[in-house]
Structure formats: structure tokens, C-alpha cells
file input-v2.cif (mmCIF, C-alpha atoms)
data_structure
loop_
_atom_site.group_PDB
_atom_site.id
_atom_site.type_symbol
_atom_site.label_atom_id
_atom_site.label_comp_id
_atom_site.auth_asym_id
_atom_site.auth_seq_id
_atom_site.Cartn_x
_atom_site.Cartn_y
_atom_site.Cartn_z
ATOM 1 C CA MET S 229 -6.837 -29.483 -60.385
ATOM 2 C CA ASN S 230 -9.223 -27.517 -62.648
ATOM 3 C CA LYS S 231 -11.374 -24.525 -61.680
ATOM 4 C CA THR S 232 -14.584 -26.565 -61.587
ATOM 5 C CA THR S 233 -13.180 -29.015 -59.022
ATOM 6 C CA ASP S 234 -11.739 -26.144 -56.935
ATOM 7 C CA SER S 235 -15.125 -24.366 -56.865
ATOM 8 C CA LYS S 236 -16.876 -27.537 -55.719
ATOM 9 C CA MET S 237 -14.425 -27.904 -52.802
ATOM 10 C CA ARG S 238 -14.885 -24.293 -51.653
ATOM 11 C CA LEU S 239 -18.696 -24.501 -51.479
ATOM 12 C CA PRO S 240 -18.794 -26.786 -48.386
ATOM 13 C CA MET S 241 -16.205 -24.604 -46.636
ATOM 14 C CA ILE S 242 -18.245 -21.437 -47.255
ATOM 15 C CA ALA S 243 -21.363 -23.178 -46.006
ATOM 16 C CA ALA S 244 -19.573 -24.322 -42.830
ATOM 17 C CA VAL S 245 -18.311 -20.815 -42.041
ATOM 18 C CA THR S 246 -21.774 -19.343 -42.651
ATOM 19 C CA PHE S 247 -23.352 -21.937 -40.362
ATOM 20 C CA ALA S 248 -20.799 -21.197 -37.607
ATOM 21 C CA MET S 249 -21.464 -17.462 -37.791
ATOM 22 C CA LEU S 250 -25.204 -18.039 -37.694
ATOM 23 C CA THR S 251 -24.854 -20.351 -34.683
ATOM 24 C CA ALA S 252 -22.758 -17.788 -32.787
ATOM 25 C CA SER S 253 -25.333 -15.136 -33.537
ATOM 26 C CA ILE S 254 -28.133 -17.309 -32.194
ATOM 27 C CA VAL S 255 -26.173 -18.171 -29.020
ATOM 28 C CA ASN S 256 -25.207 -14.573 -28.241
ATOM 29 C CA SER S 257 -28.541 -13.010 -29.047
ATOM 30 C CA PRO S 258 -30.360 -14.058 -25.831
ATOM 31 C CA ALA S 259 -27.656 -12.502 -23.602
ATOM 32 C CA ALA S 260 -27.710 -9.242 -25.511
ATOM 33 C CA PHE S 261 -31.482 -9.290 -25.454
ATOM 34 C CA ALA S 262 -31.470 -9.903 -21.694
ATOM 35 C CA ASP S 263 -29.146 -6.938 -21.088
ATOM 36 C CA ASN S 264 -31.215 -4.630 -23.220
ATOM 37 C CA HIS S 265 -34.372 -5.907 -21.581
ATOM 38 C CA ALA S 266 -32.957 -5.294 -18.103
ATOM 39 C CA ASP S 267 -32.022 -1.722 -19.053
ATOM 40 C CA SER S 268 -35.487 -1.083 -20.443
ATOM 41 C CA VAL S 269 -37.132 -2.482 -17.308
ATOM 42 C CA ARG S 270 -34.876 -0.465 -15.006
ATOM 43 C CA GLY S 271 -35.535 2.705 -16.921
ATOM 44 C CA PRO S 272 -33.509 5.920 -16.745
ATOM 45 C CA SER S 273 -30.894 6.070 -13.983
ATOM 46 C CA ILE S 274 -28.076 8.179 -12.583
ATOM 47 C CA THR S 275 -24.703 7.006 -11.219
ATOM 48 C CA VAL S 276 -22.679 9.102 -8.790
ATOM 49 C CA SER S 277 -19.767 8.647 -6.391
ATOM 50 C CA GLY S 278 -19.448 9.767 -2.796
ATOM 51 C CA THR S 279 -16.639 10.029 -0.273
ATOM 52 C CA GLY S 280 -16.529 10.198 3.495
ATOM 53 C CA GLU S 281 -13.671 11.017 5.872
ATOM 54 C CA VAL S 282 -13.241 10.725 9.623
ATOM 55 C CA SER S 283 -10.225 12.014 11.550
ATOM 56 C CA ALA S 284 -8.802 10.057 14.464
ATOM 57 C CA ASP S 285 -5.793 10.420 16.735
ATOM 58 C CA PRO S 286 -3.266 7.613 16.145
ATOM 59 C CA ASP S 287 -2.670 5.303 19.085
ATOM 60 C CA LEU S 288 0.035 3.077 17.577
ATOM 61 C CA ALA S 289 3.502 3.784 16.176
ATOM 62 C CA MET S 290 5.854 1.578 14.148
ATOM 63 C CA VAL S 291 9.530 2.490 14.423
ATOM 64 C CA ASN S 292 12.258 0.897 12.291
ATOM 65 C CA VAL S 293 15.627 1.006 14.049
ATOM 66 C CA GLY S 294 18.824 -0.904 13.519
ATOM 67 C CA VAL S 295 22.582 -1.061 13.335
ATOM 68 C CA VAL S 296 25.010 -0.728 10.414
ATOM 69 C CA SER S 297 28.509 -2.139 11.003
ATOM 70 C CA GLU S 298 31.564 -2.092 8.738
ATOM 71 C CA ALA S 299 34.872 -3.991 8.911
ATOM 72 C CA LYS S 300 37.591 -5.357 6.646
ATOM 73 C CA THR S 301 36.129 -8.878 6.735
ATOM 74 C CA ALA S 302 32.558 -10.134 6.752
ATOM 75 C CA LYS S 303 33.245 -12.071 9.955
ATOM 76 C CA GLU S 304 34.436 -8.972 11.797
ATOM 77 C CA ALA S 305 31.532 -6.859 10.521
ATOM 78 C CA LEU S 306 28.991 -9.517 11.558
ATOM 79 C CA ALA S 307 30.540 -9.896 15.015
ATOM 80 C CA ALA S 308 30.425 -6.144 15.592
ATOM 81 C CA ASN S 309 26.837 -5.960 14.375
ATOM 82 C CA ASN S 310 25.723 -8.864 16.571
ATOM 83 C CA GLU S 311 27.214 -7.213 19.651
ATOM 84 C CA ALA S 312 25.516 -3.891 18.845
ATOM 85 C CA MET S 313 22.164 -5.617 18.255
ATOM 86 C CA ARG S 314 22.425 -7.427 21.585
ATOM 87 C CA ASN S 315 22.886 -4.054 23.263
ATOM 88 C CA LEU S 316 19.925 -2.680 21.326
ATOM 89 C CA PHE S 317 17.672 -5.559 22.394
ATOM 90 C CA ALA S 318 18.822 -5.121 25.993
ATOM 91 C CA GLN S 319 17.796 -1.470 25.750
ATOM 92 C CA LEU S 320 14.362 -2.488 24.434
ATOM 93 C CA ASP S 321 14.026 -4.832 27.396
ATOM 94 C CA LYS S 322 14.748 -1.952 29.785
ATOM 95 C CA LEU S 323 12.103 0.135 27.993
ATOM 96 C CA GLY S 324 9.535 -2.606 28.572
ATOM 97 C CA ILE S 325 8.992 -3.374 24.874
ATOM 98 C CA ASP S 326 7.368 -6.801 24.699
ATOM 99 C CA GLN S 327 8.916 -9.533 22.523
ATOM 100 C CA ARG S 328 5.765 -9.689 20.394
ATOM 101 C CA ASP S 329 6.197 -6.011 19.530
ATOM 102 C CA ARG S 330 9.604 -6.383 17.878
ATOM 103 C CA GLN S 331 10.369 -8.097 14.602
ATOM 104 C CA THR S 332 13.439 -8.285 12.387
ATOM 105 C CA ALA S 333 12.616 -6.309 9.256
ATOM 106 C CA HIS S 334 15.872 -6.405 7.282
ATOM 107 C CA PHE S 335 19.245 -8.151 7.435
ATOM 108 C CA ASN S 336 22.004 -7.828 4.875
ATOM 109 C CA VAL S 337 25.715 -8.560 4.449
ATOM 110 C CA SER S 338 27.337 -6.869 1.465
ATOM 111 C CA PRO S 339 30.869 -6.141 0.237
ATOM 112 C CA GLN S 340 32.128 -2.577 -0.034
ATOM 113 C CA TYR S 341 33.990 -1.704 -3.224
ATOM 114 C CA ASP S 342 36.672 0.791 -4.141
ATOM 115 C CA HIS S 343 35.727 2.048 -7.583
ATOM 116 C CA GLN S 344 39.096 3.346 -8.705
ATOM 117 C CA ARG S 345 39.385 6.078 -11.266
ATOM 118 C CA PRO S 346 41.884 5.877 -14.118
ATOM 119 C CA GLN S 347 45.078 7.828 -13.446
ATOM 120 C CA PRO S 348 47.986 8.740 -15.737
ATOM 121 C CA GLY S 349 50.384 5.829 -16.043
ATOM 122 C CA ARG S 350 48.049 3.485 -14.151
ATOM 123 C CA SER S 351 45.649 1.062 -15.784
ATOM 124 C CA VAL S 352 42.386 0.272 -14.017
ATOM 125 C CA ASP S 353 39.825 -2.330 -15.046
ATOM 126 C CA PRO S 354 36.398 -0.745 -14.336
ATOM 127 C CA ASN S 355 34.782 -4.193 -14.493
ATOM 128 C CA LYS S 356 36.814 -5.451 -11.505
ATOM 129 C CA PRO S 357 36.308 -3.070 -8.550
ATOM 130 C CA ARG S 358 38.403 -3.881 -5.490
ATOM 131 C CA ILE S 359 36.696 -5.108 -2.288
ATOM 132 C CA ILE S 360 37.856 -2.977 0.627
ATOM 133 C CA GLY S 361 35.531 -4.254 3.355
ATOM 134 C CA TYR S 362 32.089 -5.530 4.305
ATOM 135 C CA GLN S 363 28.929 -3.954 5.657
ATOM 136 C CA VAL S 364 26.286 -5.654 7.810
ATOM 137 C CA THR S 365 22.837 -4.117 8.288
ATOM 138 C CA ASN S 366 20.263 -5.372 10.773
ATOM 139 C CA ASP S 367 16.928 -3.581 11.202
ATOM 140 C CA VAL S 368 14.170 -4.342 13.685
ATOM 141 C CA ARG S 369 10.585 -3.079 13.539
ATOM 142 C CA VAL S 370 9.334 -1.944 16.955
ATOM 143 C CA LYS S 371 5.657 -1.470 17.751
ATOM 144 C CA VAL S 372 5.079 1.317 20.273
ATOM 145 C CA ARG S 373 1.671 1.133 21.921
ATOM 146 C CA GLU S 374 2.059 4.387 23.860
ATOM 147 C CA ILE S 375 2.436 7.280 21.435
ATOM 148 C CA SER S 376 3.692 9.558 24.198
ATOM 149 C CA ARG S 377 6.785 7.334 24.590
ATOM 150 C CA VAL S 378 7.991 7.431 20.971
ATOM 151 C CA GLY S 379 10.481 10.257 21.565
ATOM 152 C CA GLU S 380 11.799 8.601 24.700
ATOM 153 C CA ILE S 381 12.246 5.262 22.923
ATOM 154 C CA LEU S 382 14.037 6.790 19.931
ATOM 155 C CA ASP S 383 16.459 8.589 22.218
ATOM 156 C CA ALA S 384 17.076 5.424 24.253
ATOM 157 C CA VAL S 385 17.759 3.125 21.297
ATOM 158 C CA VAL S 386 20.275 5.580 19.838
ATOM 159 C CA GLN S 387 22.053 5.738 23.182
ATOM 160 C CA GLY S 388 21.891 1.934 23.254
ATOM 161 C CA GLY S 389 23.870 1.617 20.034
ATOM 162 C CA SER S 390 21.436 2.054 17.139
ATOM 163 C CA ASN S 391 22.926 4.136 14.326
ATOM 164 C CA ARG S 392 20.098 3.644 11.865
ATOM 165 C CA ILE S 393 16.487 4.862 12.115
ATOM 166 C CA ASN S 394 14.599 4.000 8.976
ATOM 167 C CA GLY S 395 11.208 5.630 9.356
ATOM 168 C CA ILE S 396 8.270 6.052 11.728
ATOM 169 C CA SER S 397 4.629 5.450 10.885
ATOM 170 C CA PHE S 398 1.468 6.053 12.903
ATOM 171 C CA SER S 399 -1.891 4.300 12.755
ATOM 172 C CA VAL S 400 -5.143 3.663 14.581
ATOM 173 C CA GLU S 401 -5.124 0.129 15.953
ATOM 174 C CA ASP S 402 -8.908 -0.285 16.083
ATOM 175 C CA ASP S 403 -10.389 1.790 13.262
ATOM 176 C CA GLU S 404 -13.637 -0.155 12.717
ATOM 177 C CA ALA S 405 -15.857 2.478 14.374
ATOM 178 C CA ALA S 406 -14.241 5.236 12.310
ATOM 179 C CA MET S 407 -14.627 3.138 9.136
ATOM 180 C CA ARG S 408 -18.364 2.715 9.761
ATOM 181 C CA GLU S 409 -18.759 6.460 10.207
ATOM 182 C CA ALA S 410 -16.760 7.145 7.029
ATOM 183 C CA ARG S 411 -18.963 4.734 5.021
ATOM 184 C CA VAL S 412 -22.131 6.434 6.292
ATOM 185 C CA LYS S 413 -20.743 9.801 5.236
ATOM 186 C CA ALA S 414 -19.799 8.430 1.809
ATOM 187 C CA VAL S 415 -23.323 7.114 1.166
ATOM 188 C CA LYS S 416 -24.921 10.380 2.304
ATOM 189 C CA ASP S 417 -22.528 12.307 0.074
ATOM 190 C CA ALA S 418 -23.532 10.220 -2.963
ATOM 191 C CA GLN S 419 -27.244 10.615 -2.148
ATOM 192 C CA ALA S 420 -26.887 14.382 -1.837
ATOM 193 C CA LYS S 421 -25.094 14.618 -5.193
ATOM 194 C CA ALA S 422 -27.678 12.500 -6.973
ATOM 195 C CA LYS S 423 -30.556 14.503 -5.494
ATOM 196 C CA LEU S 424 -28.954 17.824 -6.443
ATOM 197 C CA LEU S 425 -28.341 16.711 -10.034
ATOM 198 C CA CYS S 426 -31.877 15.405 -10.464
ATOM 199 C CA GLU S 427 -33.500 18.505 -8.967
ATOM 200 C CA THR S 428 -31.354 20.756 -11.151
ATOM 201 C CA ALA S 429 -32.405 18.772 -14.220
ATOM 202 C CA GLY S 430 -36.066 18.907 -13.204
ATOM 203 C CA ALA S 431 -36.289 15.185 -12.407
ATOM 204 C CA GLU S 432 -37.137 13.205 -9.278
ATOM 205 C CA LEU S 433 -34.676 10.811 -7.645
ATOM 206 C CA GLY S 434 -35.832 7.217 -7.210
ATOM 207 C CA ASN S 435 -34.621 4.187 -5.255
ATOM 208 C CA VAL S 436 -31.090 2.804 -5.128
ATOM 209 C CA ILE S 437 -30.372 0.219 -7.825
ATOM 210 C CA GLU S 438 -26.721 -0.587 -7.132
ATOM 211 C CA ILE S 439 -24.058 0.386 -4.607
ATOM 212 C CA HIS S 440 -20.344 -0.462 -4.689
ATOM 213 C CA GLU S 441 -17.581 0.420 -2.263
ATOM 214 C CA ALA S 442 -14.655 1.711 -4.288
ATOM 215 C CA GLY S 443 -12.059 1.886 -1.557
ATOM 216 C CA ALA S 444 -11.574 2.403 2.147
ATOM 217 C CA GLY S 445 -8.713 2.768 4.568
ATOM 218 C CA PRO S 446 -6.463 5.144 6.481
ATOM 219 C CA SER S 447 -4.502 7.953 4.896
ATOM 220 C CA PRO S 448 -1.954 10.107 6.746
ATOM 221 C CA ARG S 449 -2.354 13.844 7.208
ATOM 222 C CA ARG S 450 0.207 16.506 7.860
ATOM 223 C CA PRO S 451 1.394 16.531 11.482
ATOM 224 C CA GLU S 452 -0.529 19.172 13.437
ATOM 225 C CA MET S 453 1.091 18.887 16.854
ATOM 226 C CA MET S 454 4.509 18.406 18.389
ATOM 227 C CA MET S 455 5.151 16.392 21.505
ATOM 228 C CA MET S 456 8.195 15.612 23.600
ATOM 229 C CA ALA S 457 8.278 12.799 26.127
ATOM 230 C CA GLN S 458 11.270 14.263 27.958
ATOM 231 C CA ALA S 459 13.354 17.391 27.565
ATOM 232 C CA ARG S 460 16.170 15.477 25.882
ATOM 233 C CA SER S 461 13.988 13.111 23.838
ATOM 234 C CA VAL S 462 13.504 13.266 20.087
ATOM 235 C CA PRO S 463 10.549 15.551 19.189
ATOM 236 C CA VAL S 464 7.863 13.553 17.361
ATOM 237 C CA ALA S 465 4.789 14.751 15.451
ATOM 238 C CA PRO S 466 2.129 12.012 15.267
ATOM 239 C CA GLY S 467 -0.453 14.269 13.601
ATOM 240 C CA GLU S 468 -3.799 12.629 12.985
ATOM 241 C CA GLN S 469 -5.052 9.772 10.842
ATOM 242 C CA THR S 470 -7.786 10.193 8.249
ATOM 243 C CA ILE S 471 -10.035 7.194 7.707
ATOM 244 C CA SER S 472 -11.704 7.442 4.299
ATOM 245 C CA ALA S 473 -14.344 5.536 2.341
ATOM 246 C CA SER S 474 -15.640 5.847 -1.214
ATOM 247 C CA VAL S 475 -18.792 4.453 -2.823
ATOM 248 C CA THR S 476 -20.406 4.443 -6.258
ATOM 249 C CA MET S 477 -24.218 4.398 -6.326
ATOM 250 C CA THR S 478 -26.801 4.078 -9.076
ATOM 251 C CA PHE S 479 -30.303 5.482 -8.552
ATOM 252 C CA GLN S 480 -33.517 5.284 -10.538
ATOM 253 C CA ILE S 481 -34.902 8.451 -12.034
ATOM 254 C CA LYS S 482 -38.657 8.476 -11.489
ATOM 255 C CA ALA S 483 -40.797 8.899 -14.551
ATOM 256 C CA GLU S 484 -43.162 11.852 -14.601
#
call {"tool": "encode", "arguments": {"input": "input-v2.cif", "output": "C-alpha cells"}}
result
Amino acid sequence: MNKTTDSKMRLPMIAAVTFAMLTASIVNSPAAFADNHADSVRGPSITVSGTGEVSADPDLAMVNVGVVSEAKTAKEALAANNEAMRNLFAQLDKLGIDQRDRQTAHFNVSPQYDHQRPQPGRSVDPNKPRIIGYQVTNDVRVKVREISRVGEILDAVVQGGSNRINGISFSVEDDEAAMREARVKAVKDAQAKAKLLCETAGAELGNVIEIHEAGAGPSPRRPEMMMMAQARSVPVAPGEQTISASVTMTFQIKAE
């Protein structure tokens, strides 16, 4: 193929690419124009964020308790664990914990290994550890609706056979009223910031253009009180719950 023929074949390709680029430019131009037009119509603006917090006493506790059993065989470990869990559930019945307030959270059967170390005159294959027994773990999540009874319940379940307590958490069951108050505080905080910035800059704050909620929900605080249901019960510190809200707001800046 000579140069003249090659040049003739490239011309249509160049024209097609140019046409495609021109078409894309025409299609995208209205959107870009619309955005720029909207900004020009809206005029100068200011965007700020605000936060609001409300403290509330928790009225609900979640306690994870359970039993860990070990034996030479999986069958023996499971049998021992089942018996201990039956005793634990019987103890929860005596405490008046409703069936709907208990839920199995974790169950596991796993072998236990003897990772032998090399010794003089004795060869050990590190890739083949020896099984020396089995471990069964069964955890149940208990919902306690009376915070004042948490210590009593912890003490009772341990006496009933539980040898594993895997955390306690506190919350506010109905936090809607606190959430509304936190949102109001967040909006007022954003308004105050925007007004301060505008006044400092010698401008006047206008109407709200946009408002977005960035995040809301409970966050735990440090425990601030200790309580004990009975003299021999486990001391528990429920502290207080902080309900927080965050907003981002955009305001107009009034023209002079």
C-alpha cells in the first residue's frame, strides 16, 4: 500500500473522531451551562456544619453470657456444655427473663492442639500438631429491661454455671424524643455559625438553600455512677447515653 492510499484511508477516520468529539461537546454543554446558571441565580452562599447532643439515662442492657466446656472428645465436651447451658437457662427462668429477651449469639466446637516444640533427639513435624481435646462454646445474649437488676443477674448466672461473660452494653430503648432534640440543636448550631461568620465578614445571612443530615445516633460516654443491686452482686456502671445529630447547611449571602 502506498502513502497516497494510506492518507486517503486516514481522512475518514480523523473526520469520524472529530465529529464524535464535537457531538459529545454539544451534548454535555447544556448540563454544564445549567449548573453554572443555577450557581449564578443562587448567588453567593456559605456552607457550615452543626452538631447537637442530648444526654439520656440508659434503660436497657444487653449482656452476653455463656459456657465454655472442654473434654478429650467432642461428644463429651458437647454433653458437658449442654448440661451447663440447661442450668443457665433454668437460672434465667428463675430470674424472670422472658424467652423473647434471650437469643443464642455464638456456638462453636473446635479441637484443641498441642503445639509441640522440638527437643534434642526428638523430631516434631510443626505442620501436624496433635489434637489433645475439644472445646465447645455457647453464648447467649440476654436483654435486661431493668438496669437496676444487671448486677444481680450477672451474679446469678455465674452461680448457675456460666463461666464466660463476653461484654455488657447499655442503650436507650426509645430514643426518638432525644433524637428530635439533638436535631434541633444541630440546626441551631449551624445557624449560629453561619450568622457569626457572615457578621464577622461584614455580610448578611440569607435563607437556607440546602440542608443535609450527616449522621445521627447514640454514642456511649464514660460511666459516671456505680450501682449495686445487692451487697454480693457484681457492681455495674451504666453511665449515660449521648444521642447526637449532625447537619450540613447552605445559606444564601444577601447582596448589599
call {"tool": "resolve_selection", "arguments": {"input": "input-v2.cif", "expression": "the PyMOL selection byres ((chain S and resi 310-317) around 8)", "output": "mmCIF file with C-alpha atoms, in the coordinates of the input"}}
result
data_model
loop_
_atom_site.group_PDB
_atom_site.id
_atom_site.type_symbol
_atom_site.label_atom_id
_atom_site.label_comp_id
_atom_site.auth_asym_id
_atom_site.auth_seq_id
_atom_site.Cartn_x
_atom_site.Cartn_y
_atom_site.Cartn_z
ATOM 1 C CA GLY S 294 18.824 -0.904 13.519
ATOM 2 C CA VAL S 295 22.582 -1.061 13.335
ATOM 3 C CA LEU S 306 28.991 -9.517 11.558
ATOM 4 C CA ALA S 307 30.540 -9.896 15.015
ATOM 5 C CA ALA S 308 30.425 -6.144 15.592
ATOM 6 C CA ASN S 309 26.837 -5.960 14.375
ATOM 7 C CA ALA S 318 18.822 -5.121 25.993
ATOM 8 C CA GLN S 319 17.796 -1.470 25.750
ATOM 9 C CA LEU S 320 14.362 -2.488 24.434
ATOM 10 C CA ASP S 321 14.026 -4.832 27.396
ATOM 11 C CA ASN S 366 20.263 -5.372 10.773
ATOM 12 C CA VAL S 385 17.759 3.125 21.297
ATOM 13 C CA GLY S 388 21.891 1.934 23.254
ATOM 14 C CA GLY S 389 23.870 1.617 20.034
ATOM 15 C CA SER S 390 21.436 2.054 17.139
#
call {"tool": "residues_around", "arguments": {"input": "input-v2.cif", "residues": "S:Glu374", "least_positions_apart": "5", "cutoff": "10 Å", "atoms": "only C-alpha atoms", "output": "PyMOL selection string"}}
result
chain S and resi 286-289
call {"tool": "resolve_selection", "arguments": {"input": "input-v2.cif", "expression": "the PyMOL selection byres ((chain S and resi 359) around 12)", "output": "list in words"}}
result
Ala299, Lys300, Thr301, Ala302, Ser338, Pro339, Gln340, Tyr341, Asp342, His343, Gln344, Lys356, Pro357, Arg358, Ile360, Gly361, Tyr362 and Gln363 of chain S
call {"tool": "resolve_selection", "arguments": {"input": "input-v2.cif", "expression": "the PyMOL selection byres ((chain S and resi 432) around 9)", "output": "count of residues only"}}
result
13
call {"tool": "atom_distance", "arguments": {"input": "input-v2.cif", "atom1": "atom CA of S:Thr476", "atom2": "atom CA of S:Glu401"}}
result
27.3 Å
call {"tool": "atom_distance", "arguments": {"input": "input-v2.cif", "atom1": "atom CA of S:Val372", "atom2": "atom CA of S:Val296"}}
result
22.3 Å
call {"tool": "atom_distance", "arguments": {"input": "input-v2.cif", "atom1": "atom CA of S:Glu298", "atom2": "atom CA of S:Arg328"}}
result
29.3 Å
call {"tool": "closest_residue", "arguments": {"input": "input-v2.cif", "among": "S:Met407, S:Val276, S:Ala442, S:Leu424", "to": "S:Thr478", "atoms": "all atoms listed in the file"}}
result
S:Val276
call {"tool": "closest_residue", "arguments": {"input": "input-v2.cif", "among": "S:Val415, S:Val370, S:Val400, S:Ala284", "to": "S:Leu323", "atoms": "all atoms listed in the file"}}
result
S:Val370
call {"tool": "closest_residue", "arguments": {"input": "input-v2.cif", "among": "S:Asp285, S:Gln387, S:Ser297, S:Lys371", "to": "S:Asp402", "atoms": "only C-alpha atoms"}}
result
S:Asp285
call {"tool": "closest_residue", "arguments": {"input": "input-v2.cif", "among": "S:Lys421, S:Arg369, S:Arg377, S:Arg408", "to": "S:Asn292", "atoms": "only C-alpha atoms"}}
result
S:Arg369
call {"tool": "closest_residue", "arguments": {"input": "input-v2.cif", "among": "S:Ser472, S:Ser277, S:Ser376, S:Gln419", "to": "S:Ala406", "atoms": "only C-alpha atoms"}}
result
S:Ser472
call {"tool": "build_atoms", "arguments": {"input": "input-v2.cif", "residues": "stretch 285-313 of chain S", "atoms": "N, CA and C atoms", "output": "short mmCIF file (atom, residue, chain, number, x, y, z; two decimals), in the frame of the given file"}}
result
data_model
loop_
_atom_site.label_atom_id
_atom_site.label_comp_id
_atom_site.auth_asym_id
_atom_site.auth_seq_id
_atom_site.Cartn_x
_atom_site.Cartn_y
_atom_site.Cartn_z
N ASP S 285 -7.15 10.32 16.20
CA ASP S 285 -5.79 10.42 16.74
C ASP S 285 -5.14 9.04 16.72
N PRO S 286 -3.94 8.92 16.16
CA PRO S 286 -3.27 7.61 16.14
C PRO S 286 -2.93 7.15 17.56
N ASP S 287 -3.00 5.86 17.77
CA ASP S 287 -2.67 5.30 19.08
C ASP S 287 -1.60 4.21 18.98
N LEU S 288 -0.98 4.10 17.80
CA LEU S 288 0.04 3.08 17.58
C LEU S 288 1.13 3.65 16.68
N ALA S 289 2.38 3.33 17.00
CA ALA S 289 3.50 3.78 16.18
C ALA S 289 4.39 2.60 15.83
N MET S 290 4.90 2.59 14.60
CA MET S 290 5.85 1.58 14.15
C MET S 290 7.18 2.29 13.86
N VAL S 291 8.22 1.86 14.56
CA VAL S 291 9.53 2.49 14.42
C VAL S 291 10.52 1.46 13.91
N ASN S 292 11.22 1.78 12.83
CA ASN S 292 12.26 0.90 12.29
C ASN S 292 13.63 1.41 12.73
N VAL S 293 14.29 0.63 13.57
CA VAL S 293 15.63 1.01 14.05
C VAL S 293 16.58 -0.14 13.77
N GLY S 294 17.87 0.16 13.78
CA GLY S 294 18.82 -0.90 13.52
C GLY S 294 20.26 -0.45 13.67
N VAL S 295 21.15 -1.31 13.21
CA VAL S 295 22.58 -1.06 13.34
C VAL S 295 23.26 -1.38 12.01
N VAL S 296 24.15 -0.51 11.58
CA VAL S 296 25.01 -0.73 10.41
C VAL S 296 26.45 -0.83 10.91
N SER S 297 27.13 -1.93 10.57
CA SER S 297 28.51 -2.14 11.00
C SER S 297 29.39 -2.41 9.79
N GLU S 298 30.62 -1.89 9.83
CA GLU S 298 31.56 -2.09 8.74
C GLU S 298 32.90 -2.58 9.28
N ALA S 299 33.55 -3.47 8.53
CA ALA S 299 34.87 -3.99 8.91
C ALA S 299 35.56 -4.51 7.66
N LYS S 300 36.84 -4.88 7.80
CA LYS S 300 37.59 -5.36 6.65
C LYS S 300 37.12 -6.74 6.18
N THR S 301 36.62 -7.55 7.10
CA THR S 301 36.13 -8.88 6.74
C THR S 301 34.66 -9.00 7.12
N ALA S 302 33.97 -9.91 6.45
CA ALA S 302 32.56 -10.13 6.75
C ALA S 302 32.39 -10.66 8.17
N LYS S 303 33.31 -11.50 8.61
CA LYS S 303 33.24 -12.07 9.96
C LYS S 303 33.34 -10.99 11.02
N GLU S 304 34.27 -10.06 10.83
CA GLU S 304 34.44 -8.97 11.80
C GLU S 304 33.23 -8.04 11.80
N ALA S 305 32.70 -7.74 10.61
CA ALA S 305 31.53 -6.86 10.52
C ALA S 305 30.32 -7.50 11.18
N LEU S 306 30.13 -8.81 10.97
CA LEU S 306 28.99 -9.52 11.56
C LEU S 306 29.12 -9.58 13.07
N ALA S 307 30.33 -9.83 13.57
CA ALA S 307 30.54 -9.90 15.02
C ALA S 307 30.23 -8.56 15.67
N ALA S 308 30.68 -7.48 15.05
CA ALA S 308 30.42 -6.14 15.59
C ALA S 308 28.94 -5.83 15.57
N ASN S 309 28.27 -6.23 14.50
CA ASN S 309 26.84 -5.96 14.38
C ASN S 309 26.05 -6.77 15.40
N ASN S 310 26.43 -8.02 15.60
CA ASN S 310 25.72 -8.86 16.57
C ASN S 310 25.83 -8.28 17.98
N GLU S 311 27.02 -7.81 18.33
CA GLU S 311 27.21 -7.21 19.65
C GLU S 311 26.35 -5.96 19.82
N ALA S 312 26.32 -5.12 18.78
CA ALA S 312 25.52 -3.89 18.84
C ALA S 312 24.03 -4.21 18.93
N MET S 313 23.57 -5.24 18.21
CA MET S 313 22.16 -5.62 18.26
C MET S 313 21.78 -6.19 19.62
#
